[in-house]
$ cat structure-v2.pdb   # PDB, C-alpha atoms
ATOM      1  CA  MET A   1     -20.388  -3.115  -2.956
ATOM      2  CA  GLY A   2     -19.351   0.256  -4.382
ATOM      3  CA  ASP A   3     -16.805   1.503  -6.838
ATOM      4  CA  PRO A   4     -13.650  -0.664  -6.678
ATOM      5  CA  ASN A   5     -11.312   2.346  -6.634
ATOM      6  CA  THR A   6     -13.251   3.918  -3.784
ATOM      7  CA  ARG A   7     -13.194   0.650  -1.841
ATOM      8  CA  VAL A   8      -9.429   0.333  -2.275
ATOM      9  CA  GLN A   9      -8.817   3.960  -1.299
ATOM     10  CA  GLN A  10     -11.037   3.622   1.773
ATOM     11  CA  ALA A  11      -9.431   0.364   2.911
ATOM     12  CA  VAL A  12      -5.880   1.631   2.383
ATOM     13  CA  GLY A  13      -6.787   4.893   4.111
ATOM     14  CA  ASP A  14      -8.168   2.972   7.084
ATOM     15  CA  LEU A  15      -5.011   0.853   7.281
ATOM     16  CA  LEU A  16      -2.754   3.909   7.111
ATOM     17  CA  GLU A  17      -4.780   5.731   9.753
ATOM     18  CA  SER A  18      -4.566   2.721  12.047
ATOM     19  CA  LEU A  19      -0.805   2.363  11.550
ATOM     20  CA  GLU A  20      -0.350   6.103  12.032
ATOM     21  CA  LYS A  21      -2.191   6.106  15.361
ATOM     22  CA  GLN A  22      -0.828   2.814  16.698
ATOM     23  CA  ARG A  23       2.753   2.911  15.449
ATOM     24  CA  ILE A  24       3.955   6.070  13.746
ATOM     25  CA  ARG A  25       2.744   8.718  16.218
ATOM     26  CA  PRO A  26       4.203   6.992  19.279
ATOM     27  CA  MET A  27       7.469   6.545  17.364
ATOM     28  CA  ARG A  28       7.505  10.204  16.352
ATOM     29  CA  LYS A  29       6.900  11.256  19.938
ATOM     30  CA  GLU A  30       9.743   9.039  21.088
ATOM     31  CA  ALA A  31      11.963  10.429  18.311
ATOM     32  CA  PHE A  32      11.174  14.036  19.251
ATOM     33  CA  LEU A  33      11.920  13.412  22.916
ATOM     34  CA  CYS A  34      15.116  11.610  21.986
ATOM     35  CA  SER A  35      16.091  14.480  19.650
ATOM     36  CA  ALA A  36      15.529  16.998  22.442
ATOM     37  CA  LYS A  37      17.931  15.026  24.625
ATOM     38  CA  CYS A  38      20.464  15.188  21.790
ATOM     39  CA  CYS A  39      20.369  18.981  22.046
ATOM     40  CA  ASP A  40      21.225  18.701  25.731
ATOM     41  CA  SER A  41      24.050  16.208  25.399
ATOM     42  CA  ALA A  42      25.645  16.685  21.967
ATOM     43  CA  VAL A  43      29.018  18.408  21.996
ATOM     44  CA  GLY A  44      29.388  19.386  18.340
ATOM     45  CA  ASN A  45      27.071  19.977  15.414
ATOM     46  CA  GLU A  46      28.028  16.717  13.696
ATOM     47  CA  GLN A  47      27.430  14.768  16.894
ATOM     48  CA  LEU A  48      24.047  16.489  17.246
ATOM     49  CA  GLN A  49      23.067  15.592  13.683
ATOM     50  CA  ASN A  50      24.119  11.965  14.176
ATOM     51  CA  CYS A  51      22.189  11.743  17.424
ATOM     52  CA  VAL A  52      19.006  13.218  15.905
ATOM     53  CA  GLN A  53      19.331  10.945  12.878
ATOM     54  CA  GLU A  54      19.622   7.903  15.116
ATOM     55  CA  CYS A  55      16.537   9.012  17.057
ATOM     56  CA  GLN A  56      14.532   9.137  13.830
ATOM     57  CA  ARG A  57      15.869   5.899  12.345
ATOM     58  CA  LYS A  58      13.082   3.627  13.631
ATOM     59  CA  THR A  59      10.324   5.918  12.347
ATOM     60  CA  ALA A  60      11.983   6.221   8.943
ATOM     61  CA  GLN A  61      12.421   2.450   8.692
ATOM     62  CA  THR A  62       8.780   1.864   9.603
ATOM     63  CA  GLU A  63       7.570   4.387   7.036
ATOM     64  CA  SER A  64       9.777   2.702   4.435
ATOM     65  CA  ILE A  65       8.321  -0.721   5.265
ATOM     66  CA  ILE A  66       4.780   0.645   4.953
ATOM     67  CA  SER A  67       5.633   2.260   1.630
ATOM     68  CA  GLN A  68       7.143  -0.972   0.273
ATOM     69  CA  GLU A  69       4.154  -3.022   1.413
ATOM     70  CA  LEU A  70       1.686  -0.629  -0.226
ATOM     71  CA  GLU A  71       3.716  -0.584  -3.430
ATOM     72  CA  THR A  72       3.605  -4.386  -3.541
ATOM     73  CA  PHE A  73      -0.148  -4.286  -2.869
ATOM     74  CA  GLN A  74      -0.657  -1.831  -5.747
ATOM     75  CA  GLN A  75       1.465  -3.959  -8.082
ATOM     76  CA  ARG A  76      -0.604  -7.050  -7.242
ATOM     77  CA  LEU A  77      -3.817  -5.185  -7.998
ATOM     78  CA  GLN A  78      -2.410  -3.945 -11.297
ATOM     79  CA  ARG A  79      -1.130  -7.382 -12.348
ATOM     80  CA  CYS A  80      -4.470  -8.975 -11.562
ATOM     81  CA  ALA A  81      -6.428  -6.305 -13.465
ATOM     82  CA  MET A  82      -4.036  -6.602 -16.409
ATOM     83  CA  GLY A  83      -4.685 -10.347 -16.467
ATOM     84  CA  CYS A  84      -8.430  -9.656 -16.607
ATOM     85  CA  ASN A  85      -7.943  -7.285 -19.527
ATOM     86  CA  ASP A  86      -5.639  -9.731 -21.300
ATOM     87  CA  ARG A  87      -8.192 -12.543 -21.007
ATOM     88  CA  ALA A  88     -10.920 -10.298 -22.409
ATOM     89  CA  GLN A  89      -8.628  -9.102 -25.205
ATOM     90  CA  ASP A  90      -7.789 -12.701 -26.121
ATOM     91  CA  GLN A  91     -11.483 -13.421 -26.680
ATOM     92  CA  ILE A  92     -11.920 -10.676 -29.286
ATOM     93  CA  PRO A  93     -12.126 -12.328 -32.712
ATOM     94  CA  ALA A  94      -9.567 -11.391 -35.342
ATOM     95  CA  ASP A  95     -12.362 -10.867 -37.869
ATOM     96  CA  PRO A  96     -13.632  -7.290 -37.421
ATOM     97  CA  ASN A  97     -17.080  -8.380 -38.650
ATOM     98  CA  ALA A  98     -17.366 -10.768 -35.692
ATOM     99  CA  GLN A  99     -16.605  -7.975 -33.212
ATOM    100  CA  THR A 100     -20.200  -7.083 -32.450
ATOM    101  CA  PRO A 101     -21.154  -4.419 -29.910
ATOM    102  CA  GLU A 102     -22.839  -7.154 -27.867
ATOM    103  CA  LEU A 103     -19.624  -9.186 -27.740
ATOM    104  CA  ILE A 104     -17.509  -6.166 -26.820
ATOM    105  CA  ASN A 105     -20.017  -5.172 -24.132
ATOM    106  CA  ARG A 106     -20.025  -8.708 -22.696
ATOM    107  CA  LEU A 107     -16.224  -8.838 -22.637
ATOM    108  CA  GLN A 108     -16.044  -5.433 -20.941
ATOM    109  CA  LYS A 109     -18.473  -6.614 -18.267
ATOM    110  CA  GLU A 110     -16.473  -9.816 -17.767
ATOM    111  CA  ALA A 111     -13.255  -7.808 -17.434
ATOM    112  CA  GLU A 112     -14.914  -5.467 -14.909
ATOM    113  CA  ALA A 113     -16.267  -8.406 -12.892
ATOM    114  CA  CYS A 114     -12.825  -9.992 -12.927
ATOM    115  CA  ALA A 115     -11.231  -6.708 -11.804
ATOM    116  CA  ASN A 116     -13.765  -6.480  -8.961
ATOM    117  CA  LYS A 117     -12.692  -9.965  -7.853
ATOM    118  CA  CYS A 118      -9.093  -8.737  -7.932
ATOM    119  CA  VAL A 119     -10.064  -5.923  -5.590
ATOM    120  CA  ASP A 120     -11.925  -8.280  -3.244
ATOM    121  CA  THR A 121      -9.047 -10.751  -3.143
ATOM    122  CA  ASN A 122      -6.399  -8.107  -2.576
ATOM    123  CA  LEU A 123      -8.383  -6.122  -0.013
ATOM    124  CA  ALA A 124      -8.415  -9.266   2.089
ATOM    125  CA  SER A 125      -4.599  -9.113   2.139
ATOM    126  CA  LEU A 126      -4.492  -5.642   3.731
ATOM    127  CA  ASN A 127      -4.792  -7.160   7.209
ATOM    128  CA  LYS A 128      -1.662  -9.182   6.474
ATOM    129  CA  ILE A 129       0.148  -5.986   5.520
ATOM    130  CA  GLY A 130      -0.742  -4.470   8.888
ATOM    131  CA  GLU A 131       0.426  -7.635  10.639
ATOM    132  CA  ARG A 132       3.749  -7.646   8.752
ATOM    133  CA  VAL A 133       4.370  -3.997   9.591
ATOM    134  CA  ASN A 134       3.597  -4.637  13.261
ATOM    135  CA  GLN A 135       5.908  -7.670  13.318
ATOM    136  CA  ALA A 136       8.708  -5.724  11.640
ATOM    137  CA  VAL A 137       8.359  -2.907  14.178
ATOM    138  CA  LYS A 138       8.530  -5.366  17.080
ATOM    139  CA  HIS A 139      11.868  -6.644  15.786
ATOM    140  CA  MET A 140      13.493  -3.225  15.397
TER     141      MET A 140
END

$ encode --input "structure-v2.pdb" --output "structure tokens"
Amino acid sequence: MGDPNTRVQQAVGDLLESLEKQRIRPMRKEAFLCSAKCCDSAVGNEQLQNCVQECQRKTAQTESIISQELETFQQRLQRCAMGCNDRAQDQIPADPNAQTPELINRLQKEAEACANKCVDTNLASLNKIGERVNQAVKHM
């Protein structure tokens, strides 16, 4: 199964690489070609800047969508893990004498298992992120 952080990093890295190859690079190529045409047709500097900016708009919007989706993904992971920690914390007795090393160890293991489930659940949603990005790009 592997370290949860490593699994998340690998899965997110794979998603980003896929989006880069399938969406971002073709958009960048299109933007560069469009920008080159701006240099041929723009009359003034301001017109040139506006033209180049417009050429790069779609790429910038796509990168922004990806960034927002990944931020939401990270927030979901954090909220889920915080819930695991909260549940474990709530089970710690108020009486310090009842806080045995065995109990603390068990609660730590339960919190870790819960956090691993958070990772599993949220990793499954990465495909949906890719689908949403692809749908958003189609409608630009």

$ resolve_selection --input "structure-v2.pdb" --expression "the PyMOL selection byres ((chain A and resi 112) around 12)" --output "ChimeraX atom specification"
/A:3-5,80-85,87-88,105-111,113-119

$ resolve_selection --input "structure-v2.pdb" --expression "the PyMOL selection byres ((chain A and resi 67-70) around 10)" --output "JSON, numbers by chain"
{"A": [12, 16, 61, 62, 63, 64, 65, 66, 71, 72, 73, 74, 75, 76, 126, 128, 129, 130, 132, 133]}

$ write_last_selection --input "structure-v2.pdb" --atoms "C-alpha atoms" --output "compact mmCIF listing (two decimals), keeping the file's coordinate frame"
# COMPACT_ATOMS: atom_id res chain seq x y z
CA VAL A 12 -5.88 1.63 2.38
CA LEU A 16 -2.75 3.91 7.11
CA GLN A 61 12.42 2.45 8.69
CA THR A 62 8.78 1.86 9.60
CA GLU A 63 7.57 4.39 7.04
CA SER A 64 9.78 2.70 4.43
CA ILE A 65 8.32 -0.72 5.26
CA ILE A 66 4.78 0.64 4.95
CA GLU A 71 3.72 -0.58 -3.43
CA THR A 72 3.60 -4.39 -3.54
CA PHE A 73 -0.15 -4.29 -2.87
CA GLN A 74 -0.66 -1.83 -5.75
CA GLN A 75 1.46 -3.96 -8.08
CA ARG A 76 -0.60 -7.05 -7.24
CA LEU A 126 -4.49 -5.64 3.73
CA LYS A 128 -1.66 -9.18 6.47
CA ILE A 129 0.15 -5.99 5.52
CA GLY A 130 -0.74 -4.47 8.89
CA ARG A 132 3.75 -7.65 8.75
CA VAL A 133 4.37 -4.00 9.59

$ atom_distance --input "structure-v2.pdb" --atom1 "CA of Val52 in chain A" --atom2 "CA of Lys37 in chain A"
9.0 Å

$ atom_distance --input "structure-v2.pdb" --atom1 "CA of Arg28 in chain A" --atom2 "CA of Ala124 in chain A"
28.9 Å

$ atom_distance --input "structure-v2.pdb" --atom1 "CA of Met27 in chain A" --atom2 "CA of Gln10 in chain A"
24.4 Å

$ closest_residue --input "structure-v2.pdb" --among "A:Leu103, A:Ala94, A:Met140, A:Cys51" --to "Ser35 in chain A" --atoms "all atoms listed in the file"
A:Cys51

$ resolve_selection --input "structure-v2.pdb" --expression "the PyMOL selection byres ((chain A and resi 30) around 12)" --output "list of chain:residue names"
A:Arg23, A:Ile24, A:Arg25, A:Pro26, A:Met27, A:Arg28, A:Lys29, A:Ala31, A:Phe32, A:Leu33, A:Cys34, A:Ser35, A:Ala36, A:Lys37, A:Val52, A:Glu54, A:Cys55, A:Gln56, A:Arg57, A:Lys58, A:Thr59

$ decode --input "structure-v2.pdb" --residues "range 30-104 of chain A" --atoms "C-alpha atoms" --output "short mmCIF file (atom, residue, chain, number, x, y, z; two decimals), in the first residue's frame"
data_model
loop_
_atom_site.label_atom_id
_atom_site.label_comp_id
_atom_site.auth_asym_id
_atom_site.auth_seq_id
_atom_site.Cartn_x
_atom_site.Cartn_y
_atom_site.Cartn_z
CA GLU A 30 -1.19 27.23 -29.85
CA ALA A 31 -0.54 30.28 -27.66
CA PHE A 32 3.04 30.63 -28.91
CA LEU A 33 1.96 30.39 -32.54
CA CYS A 34 -0.82 32.88 -31.91
CA SER A 35 1.63 35.22 -30.14
CA ALA A 36 4.00 35.04 -33.10
CA LYS A 37 1.16 36.14 -35.37
CA CYS A 38 0.56 39.06 -33.01
CA CYS A 39 4.10 40.25 -33.73
CA ASP A 40 3.30 40.22 -37.44
CA SER A 41 -0.02 42.01 -37.24
CA ALA A 42 0.05 44.30 -34.20
CA VAL A 43 0.42 47.99 -34.98
CA GLY A 44 1.42 49.38 -31.58
CA ASN A 45 2.99 48.02 -28.42
CA GLU A 46 -0.28 48.10 -26.48
CA GLN A 47 -2.07 46.25 -29.27
CA LEU A 48 0.74 43.68 -29.30
CA GLN A 49 0.49 43.16 -25.54
CA ASN A 50 -3.30 42.77 -25.73
CA CYS A 51 -3.00 40.29 -28.57
CA VAL A 52 -0.37 38.18 -26.77
CA GLN A 53 -2.42 38.27 -23.57
CA GLU A 54 -5.49 37.05 -25.42
CA CYS A 55 -3.45 34.23 -26.97
CA GLN A 56 -2.40 33.06 -23.51
CA ARG A 57 -5.81 33.44 -21.86
CA LYS A 58 -6.98 29.85 -22.39
CA THR A 59 -3.77 28.36 -20.99
CA ALA A 60 -3.88 30.65 -17.95
CA GLN A 61 -7.53 29.79 -17.30
CA THR A 62 -6.80 26.07 -17.54
CA GLU A 63 -3.85 26.33 -15.16
CA SER A 64 -6.06 28.27 -12.74
CA ILE A 65 -8.76 25.58 -12.89
CA ILE A 66 -6.18 22.87 -12.20
CA SER A 67 -4.79 24.86 -9.29
CA GLN A 68 -8.26 25.38 -7.78
CA GLU A 69 -9.14 21.70 -8.17
CA LEU A 70 -5.92 20.59 -6.48
CA GLU A 71 -6.42 23.09 -3.67
CA THR A 72 -9.90 21.68 -3.06
CA PHE A 73 -8.48 18.15 -3.13
CA GLN A 74 -5.84 19.09 -0.55
CA GLN A 75 -8.44 20.75 1.68
CA ARG A 76 -10.61 17.61 1.57
CA LEU A 77 -7.66 15.46 2.58
CA GLN A 78 -6.82 17.82 5.43
CA ARG A 79 -10.41 18.00 6.70
CA CYS A 80 -10.72 14.23 6.66
CA ALA A 81 -7.41 13.73 8.49
CA MET A 82 -8.38 16.39 11.03
CA GLY A 83 -11.61 14.50 11.67
CA CYS A 84 -9.60 11.33 12.31
CA ASN A 85 -7.39 13.17 14.79
CA ASP A 86 -10.39 14.78 16.47
CA ARG A 87 -12.09 11.40 16.95
CA ALA A 88 -8.93 9.95 18.47
CA GLN A 89 -8.48 13.01 20.69
CA ASP A 90 -12.07 12.70 21.91
CA GLN A 91 -11.36 9.17 23.14
CA ILE A 92 -8.49 10.23 25.41
CA PRO A 93 -9.73 10.13 29.00
CA ALA A 94 -9.63 13.31 31.06
CA ASP A 95 -7.97 11.41 33.91
CA PRO A 96 -4.21 11.41 33.21
CA ASN A 97 -3.89 8.10 35.10
CA ALA A 98 -6.19 6.44 32.55
CA GLN A 99 -4.02 7.63 29.65
CA THR A 100 -1.93 4.49 29.36
CA PRO A 101 0.74 4.05 26.68
CA GLU A 102 -1.32 1.16 25.29
CA LEU A 103 -4.39 3.38 24.92
CA ILE A 104 -2.41 6.19 23.30
#
